>>> print(open('coords_36.cif').read())   # mmCIF, N, CA and C atoms
data_protein
loop_
_atom_site.label_atom_id
_atom_site.label_comp_id
_atom_site.auth_asym_id
_atom_site.auth_seq_id
_atom_site.Cartn_x
_atom_site.Cartn_y
_atom_site.Cartn_z
N MET F 992 67.62 -83.05 170.33
CA MET F 992 67.94 -82.37 169.10
C MET F 992 69.04 -83.13 168.38
N PRO F 993 69.08 -83.01 167.06
CA PRO F 993 70.10 -83.74 166.33
C PRO F 993 71.49 -83.21 166.63
N ARG F 994 72.44 -84.06 166.48
CA ARG F 994 73.82 -83.69 166.71
C ARG F 994 74.38 -83.10 165.42
N VAL F 995 74.94 -81.91 165.49
CA VAL F 995 75.48 -81.21 164.33
C VAL F 995 76.96 -80.97 164.58
N PRO F 996 77.83 -81.34 163.63
CA PRO F 996 79.26 -81.12 163.83
C PRO F 996 79.57 -79.64 164.06
N LYS F 997 80.54 -79.36 164.93
CA LYS F 997 80.87 -77.98 165.27
C LYS F 997 81.37 -77.18 164.08
N GLU F 998 81.97 -77.84 163.09
CA GLU F 998 82.47 -77.09 161.94
C GLU F 998 81.35 -76.43 161.14
N HIS F 999 80.09 -76.79 161.40
CA HIS F 999 78.96 -76.15 160.75
C HIS F 999 78.49 -74.91 161.50
N GLY F 1000 79.13 -74.59 162.60
CA GLY F 1000 78.84 -73.34 163.28
C GLY F 1000 77.81 -73.44 164.40
N ILE F 1001 77.24 -74.61 164.63
CA ILE F 1001 76.26 -74.78 165.69
C ILE F 1001 76.83 -75.78 166.68
N PRO F 1002 76.92 -75.41 167.95
CA PRO F 1002 77.47 -76.35 168.92
C PRO F 1002 76.66 -77.63 168.99
N SER F 1003 77.35 -78.74 169.15
CA SER F 1003 76.62 -80.00 169.27
C SER F 1003 76.64 -80.46 170.72
N GLN F 1004 75.51 -80.93 171.17
CA GLN F 1004 75.39 -81.45 172.52
C GLN F 1004 74.38 -82.58 172.48
N GLU F 1005 74.71 -83.64 173.19
CA GLU F 1005 73.77 -84.75 173.26
C GLU F 1005 73.04 -84.70 174.58
N SER F 1006 71.81 -84.27 174.54
CA SER F 1006 70.94 -84.29 175.70
C SER F 1006 69.54 -83.98 175.23
N GLU F 1007 68.61 -84.17 176.11
CA GLU F 1007 67.22 -83.97 175.74
C GLU F 1007 66.83 -82.50 175.84
N ARG F 1008 66.04 -82.06 174.89
CA ARG F 1008 65.49 -80.70 174.89
C ARG F 1008 63.98 -80.85 174.99
N ARG F 1009 63.44 -80.58 176.15
CA ARG F 1009 62.01 -80.78 176.37
C ARG F 1009 61.24 -79.48 176.49
N SER F 1010 61.94 -78.34 176.43
CA SER F 1010 61.25 -77.06 176.55
C SER F 1010 62.10 -75.98 175.90
N PRO F 1011 61.48 -74.84 175.58
CA PRO F 1011 62.27 -73.72 175.05
C PRO F 1011 63.38 -73.31 176.02
N GLN F 1012 63.12 -73.39 177.31
CA GLN F 1012 64.14 -73.02 178.29
C GLN F 1012 65.36 -73.94 178.20
N ASP F 1013 65.15 -75.22 177.92
CA ASP F 1013 66.27 -76.14 177.76
C ASP F 1013 67.16 -75.71 176.59
N ILE F 1014 66.54 -75.28 175.51
CA ILE F 1014 67.31 -74.81 174.35
C ILE F 1014 68.05 -73.53 174.71
N LYS F 1015 67.37 -72.61 175.34
CA LYS F 1015 67.99 -71.34 175.71
C LYS F 1015 69.16 -71.55 176.66
N THR F 1016 69.04 -72.50 177.56
CA THR F 1016 70.13 -72.80 178.49
C THR F 1016 71.35 -73.35 177.74
N ALA F 1017 71.11 -74.22 176.77
CA ALA F 1017 72.21 -74.84 176.02
C ALA F 1017 72.81 -73.90 174.98
N TYR F 1018 71.97 -73.05 174.39
CA TYR F 1018 72.41 -72.16 173.32
C TYR F 1018 71.99 -70.74 173.70
N ARG F 1019 72.82 -70.05 174.45
CA ARG F 1019 72.47 -68.76 175.03
C ARG F 1019 72.06 -67.72 174.00
N THR F 1020 72.59 -67.78 172.79
CA THR F 1020 72.27 -66.76 171.79
C THR F 1020 71.05 -67.12 170.95
N ALA F 1021 70.46 -68.29 171.20
CA ALA F 1021 69.25 -68.67 170.46
C ALA F 1021 68.10 -67.76 170.86
N SER F 1022 67.26 -67.48 169.87
CA SER F 1022 66.06 -66.67 170.14
C SER F 1022 64.85 -67.58 170.07
N ILE F 1023 64.06 -67.57 171.12
CA ILE F 1023 62.85 -68.39 171.19
C ILE F 1023 61.68 -67.53 170.69
N LEU F 1024 60.98 -68.02 169.68
CA LEU F 1024 59.86 -67.29 169.10
C LEU F 1024 58.56 -68.05 169.36
N ARG F 1025 57.45 -67.42 168.98
CA ARG F 1025 56.15 -68.10 169.06
C ARG F 1025 56.12 -69.24 168.06
N ASN F 1026 55.09 -70.06 168.18
CA ASN F 1026 54.84 -71.15 167.24
C ASN F 1026 55.98 -72.18 167.24
N ASN F 1027 56.61 -72.36 168.41
CA ASN F 1027 57.69 -73.34 168.59
C ASN F 1027 58.86 -73.14 167.65
N ARG F 1028 59.14 -71.89 167.30
CA ARG F 1028 60.28 -71.58 166.43
C ARG F 1028 61.46 -71.15 167.29
N VAL F 1029 62.66 -71.51 166.82
CA VAL F 1029 63.90 -71.09 167.45
C VAL F 1029 64.82 -70.57 166.35
N VAL F 1030 65.47 -69.46 166.61
CA VAL F 1030 66.41 -68.87 165.65
C VAL F 1030 67.81 -68.97 166.23
N PHE F 1031 68.72 -69.54 165.41
CA PHE F 1031 70.12 -69.63 165.79
C PHE F 1031 70.94 -68.71 164.90
N ASN F 1032 71.88 -68.01 165.48
CA ASN F 1032 72.84 -67.21 164.72
C ASN F 1032 74.00 -68.12 164.37
N VAL F 1033 74.39 -68.12 163.10
CA VAL F 1033 75.46 -68.99 162.63
C VAL F 1033 76.58 -68.12 162.05
N LYS F 1034 77.79 -68.50 162.36
CA LYS F 1034 78.99 -67.81 161.87
C LYS F 1034 78.96 -66.34 162.25
N GLY F 1035 78.87 -66.10 163.54
CA GLY F 1035 78.93 -64.74 164.04
C GLY F 1035 77.81 -63.85 163.54
N ASN F 1036 76.62 -64.41 163.43
CA ASN F 1036 75.42 -63.67 163.02
C ASN F 1036 75.40 -63.35 161.53
N THR F 1037 76.26 -64.01 160.74
CA THR F 1037 76.24 -63.83 159.29
C THR F 1037 75.05 -64.54 158.69
N TYR F 1038 74.72 -65.70 159.24
CA TYR F 1038 73.61 -66.51 158.76
C TYR F 1038 72.61 -66.74 159.88
N ARG F 1039 71.40 -67.10 159.51
CA ARG F 1039 70.37 -67.43 160.48
C ARG F 1039 69.79 -68.79 160.13
N LEU F 1040 69.50 -69.56 161.15
CA LEU F 1040 68.86 -70.86 161.03
C LEU F 1040 67.58 -70.80 161.85
N VAL F 1041 66.45 -71.04 161.19
CA VAL F 1041 65.16 -71.06 161.88
C VAL F 1041 64.68 -72.50 161.89
N VAL F 1042 64.34 -73.00 163.06
CA VAL F 1042 63.82 -74.36 163.17
C VAL F 1042 62.48 -74.35 163.88
N ALA F 1043 61.68 -75.34 163.58
CA ALA F 1043 60.43 -75.60 164.30
C ALA F 1043 60.69 -76.82 165.16
N VAL F 1044 60.35 -76.75 166.43
CA VAL F 1044 60.65 -77.83 167.37
C VAL F 1044 59.36 -78.50 167.83
N LYS F 1045 59.33 -79.81 167.75
CA LYS F 1045 58.26 -80.61 168.35
C LYS F 1045 58.86 -81.22 169.61
N TYR F 1046 58.69 -80.50 170.71
CA TYR F 1046 59.35 -80.89 171.96
C TYR F 1046 58.92 -82.26 172.45
N GLU F 1047 57.64 -82.60 172.30
CA GLU F 1047 57.16 -83.88 172.82
C GLU F 1047 57.80 -85.07 172.11
N PHE F 1048 58.26 -84.87 170.86
CA PHE F 1048 58.90 -85.95 170.11
C PHE F 1048 60.40 -85.72 169.95
N GLN F 1049 60.89 -84.59 170.41
CA GLN F 1049 62.29 -84.19 170.27
C GLN F 1049 62.72 -84.22 168.81
N ILE F 1050 61.91 -83.58 167.97
CA ILE F 1050 62.19 -83.48 166.54
C ILE F 1050 62.35 -82.02 166.18
N VAL F 1051 63.33 -81.76 165.32
CA VAL F 1051 63.59 -80.40 164.85
C VAL F 1051 63.42 -80.38 163.34
N TYR F 1052 62.60 -79.45 162.85
CA TYR F 1052 62.40 -79.27 161.42
C TYR F 1052 63.07 -77.98 160.99
N ILE F 1053 63.96 -78.06 160.03
CA ILE F 1053 64.60 -76.86 159.51
C ILE F 1053 63.60 -76.13 158.64
N ARG F 1054 63.35 -74.87 158.96
CA ARG F 1054 62.36 -74.07 158.24
C ARG F 1054 63.01 -73.02 157.35
N PHE F 1055 64.22 -72.56 157.71
CA PHE F 1055 64.89 -71.53 156.93
C PHE F 1055 66.38 -71.55 157.25
N VAL F 1056 67.20 -71.41 156.22
CA VAL F 1056 68.63 -71.19 156.36
C VAL F 1056 68.98 -70.09 155.37
N GLY F 1057 69.59 -69.03 155.83
CA GLY F 1057 69.94 -67.95 154.91
C GLY F 1057 70.75 -66.87 155.59
N THR F 1058 71.06 -65.85 154.81
CA THR F 1058 71.83 -64.74 155.34
C THR F 1058 70.96 -63.92 156.30
N HIS F 1059 71.63 -63.10 157.05
CA HIS F 1059 70.92 -62.22 157.97
C HIS F 1059 69.98 -61.31 157.18
N ALA F 1060 70.44 -60.82 156.02
CA ALA F 1060 69.60 -59.94 155.19
C ALA F 1060 68.36 -60.68 154.69
N ALA F 1061 68.51 -61.93 154.27
CA ALA F 1061 67.36 -62.70 153.80
C ALA F 1061 66.39 -62.98 154.95
N TYR F 1062 66.93 -63.22 156.14
CA TYR F 1062 66.10 -63.45 157.31
C TYR F 1062 65.20 -62.25 157.61
N ASP F 1063 65.72 -61.06 157.38
CA ASP F 1063 64.93 -59.85 157.63
C ASP F 1063 63.70 -59.76 156.75
N ASN F 1064 63.66 -60.53 155.66
CA ASN F 1064 62.55 -60.48 154.71
C ASN F 1064 61.52 -61.59 154.92
N ILE F 1065 61.67 -62.40 155.95
CA ILE F 1065 60.72 -63.49 156.20
C ILE F 1065 60.01 -63.25 157.52
N LYS F 1066 58.97 -63.99 157.73
CA LYS F 1066 58.27 -64.01 159.03
C LYS F 1066 58.65 -65.33 159.69
N ALA F 1067 59.66 -65.28 160.55
CA ALA F 1067 60.24 -66.49 161.14
C ALA F 1067 59.21 -67.34 161.88
N GLU F 1068 58.20 -66.71 162.44
CA GLU F 1068 57.18 -67.47 163.18
C GLU F 1068 56.20 -68.18 162.26
N GLU F 1069 56.27 -67.88 160.97
CA GLU F 1069 55.32 -68.47 160.03
C GLU F 1069 55.95 -69.41 159.01
N VAL F 1070 57.27 -69.37 158.86
CA VAL F 1070 57.91 -70.24 157.86
C VAL F 1070 57.86 -71.67 158.29
#
>>> encode(input="coords_36.cif", output="structure tokens")
Amino acid sequence: MPRVPKEHGIPSQESERRSPQDIKTAYRTASILRNNRVVFNVKGNTYRLVVAVKYEFQIVYIRFVGTHAAYDNIKAEEV
């Protein structure tokens, strides 16, 4: 996964993420969804980050960034 500075609210770690369990182990509050989606809570659950993960290539695609209220209006598994 890409390295993100801590000041952006997401812990940065350099290591391989080859499965949803690897992400869950590294980011305990991450929510693993269907369709290779992962939801991160940012800034104490004020914001949500939804990413699509291609584990075989270790690529993360940002699918949604927004407030918790905006997140409630989307289908995270489909964005």
>>> atom_distance(input="coords_36.cif", atom1="atom N of Val1033 of chain F", atom2="atom N of Asp1063 of chain F")
12.6 Å
>>> atom_distance(input="coords_36.cif", atom1="atom CA of Tyr1052 of chain F", atom2="atom C of Glu1069 of chain F")
12.0 Å
>>> atom_distance(input="coords_36.cif", atom1="atom CA of Glu1047 of chain F", atom2="atom CA of Tyr1062 of chain F")
27.2 Å
>>> closest_residue(input="coords_36.cif", among="F:Lys1045, F:Arg1009, F:Lys1015, F:Arg1039", to="Ala1067 of chain F", atoms="only C-alpha atoms")
F:Arg1039
>>> closest_residue(input="coords_36.cif", among="F:Ala1017, F:Leu1040, F:Ile1023, F:Val1070", to="Thr1058 of chain F", atoms="only N, CA and C atoms")
F:Leu1040
>>> closest_residue(input="coords_36.cif", among="F:Asn1064, F:Pro1011, F:Val1051, F:Tyr1038", to="Arg1025 of chain F", atoms="only C-alpha atoms")
F:Pro1011
>>> residues_around(input="coords_36.cif", residues="Asn1036 of chain F", least_positions_apart="5", cutoff="10 Å", atoms="only C-alpha atoms", output="list in words")
Thr1020, Phe1031, Thr1058 and His1059 of chain F
>>> closest_residue(input="coords_36.cif", among="F:Glu1068, F:Asp1013, F:Ala1060, F:Arg1019", to="Ala1043 of chain F", atoms="only C-alpha atoms")
F:Glu1068
